[in-house]
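Next comes data-v3.txt, a file with compact mmCIF, C-alpha atoms.
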# COMPACT_ATOMS: atom_id res chain seq x y z
CA MET A 218 -128.34 -66.15 -33.67
CA SER A 219 -126.83 -62.79 -34.55
CA VAL A 220 -126.37 -59.96 -32.10
CA ALA A 221 -127.23 -56.37 -33.02
CA HIS A 222 -126.99 -53.14 -31.07
CA HIS A 223 -129.57 -50.46 -30.54
CA THR A 224 -126.68 -47.97 -30.58
CA ALA A 225 -123.98 -46.70 -32.96
CA LEU A 226 -121.02 -44.42 -32.25
CA LEU A 227 -120.38 -41.32 -34.36
CA ALA A 228 -116.73 -40.22 -34.04
CA LEU A 229 -116.41 -36.71 -35.44
CA HIS A 230 -113.27 -35.03 -36.78
CA TYR A 231 -110.56 -36.99 -34.98
CA GLN A 232 -108.15 -35.59 -37.57
CA ASN A 233 -104.63 -34.19 -37.46
CA ASP A 234 -105.55 -30.57 -38.14
CA VAL A 235 -107.77 -30.47 -35.05
CA LEU A 236 -105.98 -32.87 -32.67
CA HIS A 237 -102.25 -32.85 -33.43
CA ALA A 238 -99.99 -30.24 -31.83
CA ASP A 239 -98.94 -29.24 -35.35
CA GLY A 240 -102.51 -29.03 -36.63
CA LEU A 241 -103.83 -25.80 -38.08
CA ILE A 242 -107.25 -25.54 -36.41
CA ARG A 243 -107.58 -24.29 -32.82
CA VAL A 244 -111.36 -24.36 -32.45
CA GLY A 245 -111.37 -27.58 -30.43
CA VAL A 246 -108.02 -27.61 -28.63
CA GLU A 247 -106.04 -24.48 -27.91
CA ALA A 248 -102.32 -24.38 -28.68
CA ASN A 249 -100.17 -25.99 -25.95
CA SER A 250 -103.29 -27.01 -24.02
CA PRO A 251 -102.94 -29.86 -21.49
CA GLN A 252 -106.44 -30.82 -22.55
CA ARG A 253 -105.09 -32.29 -25.80
CA GLN A 254 -103.65 -35.54 -24.43
CA ALA A 255 -106.62 -36.18 -22.16
CA LEU A 256 -108.99 -35.76 -25.11
CA ILE A 257 -106.93 -38.06 -27.33
CA GLU A 258 -106.79 -40.73 -24.61
CA ALA A 259 -110.52 -40.49 -23.95
CA ALA A 260 -111.30 -40.82 -27.65
CA GLY A 261 -109.08 -43.89 -27.86
CA ARG A 262 -110.78 -45.52 -24.88
CA LEU A 263 -114.20 -44.74 -26.33
CA LEU A 264 -113.38 -46.36 -29.65
CA ALA A 265 -111.87 -49.38 -27.89
CA GLN A 266 -114.98 -49.83 -25.73
CA ALA A 267 -117.27 -49.64 -28.76
CA ARG A 268 -115.18 -52.24 -30.56
CA ALA A 269 -115.11 -54.51 -27.53
CA GLN A 270 -118.92 -54.42 -27.39
CA GLY A 271 -119.39 -54.83 -31.13
CA VAL A 272 -120.96 -51.38 -31.45
CA PRO A 273 -120.85 -50.07 -35.04
CA ILE A 274 -118.65 -47.00 -35.47
CA VAL A 275 -119.07 -44.29 -38.09
CA HIS A 276 -115.99 -42.08 -38.43
CA VAL A 277 -116.77 -38.66 -39.88
CA ARG A 278 -114.10 -36.52 -41.47
CA VAL A 279 -114.26 -33.06 -42.96
CA GLY A 280 -112.18 -32.24 -46.02
CA TYR A 281 -112.06 -29.99 -49.08
CA ARG A 282 -110.46 -29.90 -52.51
CA PRO A 283 -107.03 -28.21 -52.53
CA ASP A 284 -108.59 -25.27 -54.39
CA TYR A 285 -111.53 -25.15 -51.94
CA ALA A 286 -113.99 -25.11 -54.82
CA ASP A 287 -116.29 -27.33 -52.74
CA LEU A 288 -116.20 -25.04 -49.69
CA LEU A 289 -119.12 -22.63 -49.38
CA CYS A 290 -117.66 -19.80 -47.28
CA ASN A 291 -120.79 -18.45 -45.64
CA ALA A 292 -119.57 -18.52 -42.02
CA PRO A 293 -116.50 -17.17 -40.20
CA ILE A 294 -115.24 -20.64 -39.28
CA LEU A 295 -115.38 -21.73 -42.92
CA HIS A 296 -113.64 -18.59 -44.12
CA ASN A 297 -110.88 -19.34 -41.63
CA VAL A 298 -110.44 -22.93 -42.84
CA LYS A 299 -109.73 -21.60 -46.34
CA ARG A 300 -107.55 -18.71 -45.09
CA ILE A 301 -105.19 -21.01 -43.15
CA GLY A 302 -105.18 -23.79 -45.76
CA ALA A 303 -106.62 -26.44 -43.45
CA MET A 304 -108.39 -29.73 -44.11
CA GLN A 305 -107.34 -30.24 -47.71
CA THR A 306 -108.39 -33.72 -48.80
CA GLY A 307 -105.31 -35.92 -49.22
CA SER A 308 -103.17 -33.76 -46.93
CA TRP A 309 -101.66 -34.82 -43.61
CA GLY A 310 -103.97 -32.41 -41.78
CA ALA A 311 -107.12 -34.04 -43.11
CA GLN A 312 -105.97 -37.55 -42.22
CA PHE A 313 -107.26 -39.26 -39.09
CA PHE A 314 -105.09 -38.87 -36.01
CA GLU A 315 -102.87 -41.89 -35.38
CA GLY A 316 -104.65 -44.41 -33.19
CA LEU A 317 -108.10 -42.92 -33.86
CA ALA A 318 -108.49 -43.96 -37.50
CA PRO A 319 -111.19 -46.31 -38.80
CA LEU A 320 -110.53 -50.04 -38.91
CA PRO A 321 -111.22 -51.79 -42.23
CA ASN A 322 -114.68 -52.98 -41.16
CA GLU A 323 -115.83 -49.58 -39.90
CA PHE A 324 -117.69 -46.84 -41.72
CA GLU A 325 -116.14 -43.58 -42.91
CA VAL A 326 -118.19 -40.59 -44.05
CA HIS A 327 -116.88 -37.40 -45.63
CA HIS A 328 -118.65 -34.05 -45.31
CA THR A 329 -118.03 -30.37 -46.07
CA ARG A 330 -120.41 -28.47 -43.78
CA ILE A 331 -120.60 -27.94 -40.00
CA ASN A 332 -123.43 -30.42 -39.40
CA ALA A 333 -122.07 -33.87 -40.28
CA PHE A 334 -125.45 -34.99 -41.65
CA PHE A 335 -125.91 -32.12 -44.09
CA GLY A 336 -125.07 -33.04 -47.69
CA SER A 337 -123.27 -36.24 -46.70
CA ALA A 338 -123.89 -39.98 -46.67
CA LEU A 339 -124.20 -40.05 -42.89
CA GLU A 340 -127.99 -40.30 -42.73
CA PRO A 341 -128.32 -43.30 -45.07
CA VAL A 342 -125.38 -45.04 -43.35
CA VAL A 343 -127.00 -44.63 -39.94
CA ARG A 344 -130.39 -45.70 -41.26
CA CYS A 345 -128.83 -48.86 -42.70
CA LEU A 346 -127.44 -49.73 -39.27
CA GLY A 347 -130.98 -49.90 -37.93
CA VAL A 348 -130.11 -48.31 -34.59
CA GLU A 349 -132.29 -46.24 -32.28
CA ARG A 350 -129.56 -44.45 -30.30
CA LEU A 351 -126.45 -42.53 -31.27
CA VAL A 352 -123.46 -41.93 -29.04
CA ILE A 353 -121.68 -38.86 -30.39
CA ALA A 354 -118.22 -37.47 -29.62
CA GLY A 355 -115.64 -35.38 -31.43
CA VAL A 356 -114.08 -32.00 -32.03
CA ALA A 357 -115.27 -29.35 -31.59
CA THR A 358 -117.99 -29.65 -28.96
CA HIS A 359 -119.76 -26.42 -29.91
CA SER A 360 -119.36 -26.88 -33.65
CA VAL A 361 -119.67 -30.23 -35.42
CA VAL A 362 -120.74 -32.09 -32.27
CA GLU A 363 -123.57 -29.79 -31.23
CA SER A 364 -124.89 -29.22 -34.74
CA THR A 365 -124.83 -32.97 -35.45
CA VAL A 366 -126.51 -33.79 -32.14
CA ARG A 367 -129.33 -31.37 -32.85
CA HIS A 368 -129.87 -32.85 -36.31
CA ALA A 369 -129.84 -36.40 -34.94
CA VAL A 370 -132.47 -35.55 -32.33
CA ASP A 371 -134.67 -33.96 -34.99
CA MET A 372 -134.33 -37.18 -36.99
CA GLY A 373 -135.82 -39.07 -34.05
CA TYR A 374 -132.72 -40.62 -32.50
CA GLU A 375 -132.02 -40.81 -28.80
CA VAL A 376 -128.58 -39.24 -28.36
CA ALA A 377 -125.79 -39.43 -25.78
CA VAL A 378 -122.72 -37.18 -25.83
CA VAL A 379 -119.45 -38.37 -24.26
CA ALA A 380 -118.06 -35.21 -22.69
CA SER A 381 -114.45 -36.29 -22.17
CA ALA A 382 -114.09 -37.39 -25.80
CA CYS A 383 -115.22 -33.96 -27.04
CA GLY A 384 -113.02 -30.89 -27.20
CA ALA A 385 -113.36 -27.11 -27.04
CA PRO A 386 -111.90 -24.36 -24.84
CA PRO A 387 -113.20 -25.15 -21.29
CA ALA A 388 -115.85 -22.43 -20.93
CA THR A 389 -117.15 -23.00 -24.46
CA HIS A 390 -117.11 -26.78 -23.95
CA GLU A 391 -119.18 -26.54 -20.77
CA ALA A 392 -121.63 -24.06 -22.27
CA SER A 393 -122.22 -26.34 -25.24
CA LEU A 394 -122.71 -29.40 -23.03
CA ALA A 395 -125.21 -27.45 -20.92
CA SER A 396 -127.10 -26.43 -24.04
CA MET A 397 -127.17 -29.98 -25.40
CA SER A 398 -128.33 -31.39 -22.05
CA LEU A 399 -131.83 -30.21 -22.95
CA ILE A 400 -132.00 -32.71 -25.80
CA ALA A 401 -129.31 -35.35 -25.16
CA HIS A 402 -127.83 -37.36 -22.31
CA ILE A 403 -124.43 -35.94 -21.35
CA ASP A 404 -122.15 -38.74 -20.17
CA ARG A 405 -119.42 -37.63 -17.78
CA ASP A 406 -118.63 -40.79 -15.83
CA GLU A 407 -117.01 -42.79 -18.66
CA ASP A 408 -119.15 -45.83 -17.90
CA TRP A 409 -119.28 -46.36 -21.62
CA ALA A 410 -120.46 -49.94 -21.45
CA THR A 411 -123.67 -48.51 -19.99
CA VAL A 412 -123.79 -45.69 -22.52
CA PHE A 413 -123.64 -48.15 -25.40
CA GLY A 414 -126.24 -50.37 -23.79
CA ALA A 415 -126.71 -54.11 -23.97
CA PRO A 416 -126.77 -55.83 -27.35
CA GLN A 417 -130.09 -57.04 -28.69
CA ALA A 418 -130.39 -60.71 -29.63
CA GLN A 419 -131.96 -61.40 -33.00

Mind turning this structure into structure tokens?
Amino acid sequence: MSVAHHTALLALHYQNDVLHADGLIRVGVEANSPQRQALIEAAGRLLAQARAQGVPIVHVRVGYRPDYADLLCNAPILHNVKRIGAMQTGSWGAQFFEGLAPLPNEFEVHHTRINAFFGSALEPVVRCLGVERLVIAGVATHSVVESTVRHAVDMGYEVAVVASACGAPPATHEASLASMSLIAHIDRDEDWATVFGAPQAQ
């Protein structure tokens, strides 16, 4: 008898440029913010809990060619990525943060927009997993997380957002969580075994 889960975890943008103190992007964690270590530790615990429960994990990374020919600059945040030279595929900044990288048996999806589903392999990967619920966390709360949550809900998934494993400046973080609470469960108590739910026997 195999055991399958109703739920998968989407881990969004746990990359050096957004999490490391030397990273170039400050949308999710402000420079010298004490929030940084708490976010990193929460993300690590979330991944560990998913692995302990056998929950499938899809790691999503953003990255662009060194010449940014694959970056459509139609939004201020995207213009800024190009201006500061961030998230170049193959660079240190685009690599996953140490301790938060995919394991060999886990999924990795690359994308180039704000919504992780748009123009990427994320939708077919999630469909292949056969899940009904998505637990979503990552950086930044009001950017890739919120846009991906909204898309997932429109696709028909039940969604939970793990607040402590998401990052944005405090006021922006809270405003985004409040907005998403209309369409997703916002988990604040870190009872992640409950968030992932019980496995389903098959």

Gap from atom CA of A:Pro293 to atom CA of A:Ile257 - Å, one decimal: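 It comes out at 26.3 Å.
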
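Ranking A:Gln270, A:Gln305, A:Asn332, A:Ser396 by their shortest atom-to-atom distance to A:Ala369, with all atoms listed in the file included, puts A:Asn332 first.
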
Shell of 12 Å around A:Leu264, all atoms listed in the file, local chain residues under 5 positions omitted, as a PyMOL selection string: chain A and resi 225-229+231+257-259+269-276+316-320+323+352-355+379+382+409-410+413

Spatial sel., origin (-109.0, -35.8, -50.4), limit 12 Å, only C-alpha atoms, listed as a ChimeraX atom specification: /A:278-285,287,303-313,327-329

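Atom pair atom CA of A:Arg330 / atom CA of A:Met372 has a distance of 17.8 Å (rounded to one decimal).
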
Point-to-point distance from atom CA of A:His390 to atom CA of A:Val366, Å rounded to tenths: 14.3 Å

Minimum-distance residue to A:Val246, chosen among A:Arg344, A:Lys299, A:Arg262, A:His359 (using only C-alpha atoms):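 Ranking A:Arg344, A:Lys299, A:Arg262, A:His359 by distance to A:Val246, first place goes to A:His359.
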
Selected residue, from A:Thr365, A:Ser381, A:Asn249, A:Ser337, that lies nearest to A:Asp408 when counting only C-alpha atoms: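 Among the listed residues, A:Ser381 lies closest to A:Asp408.
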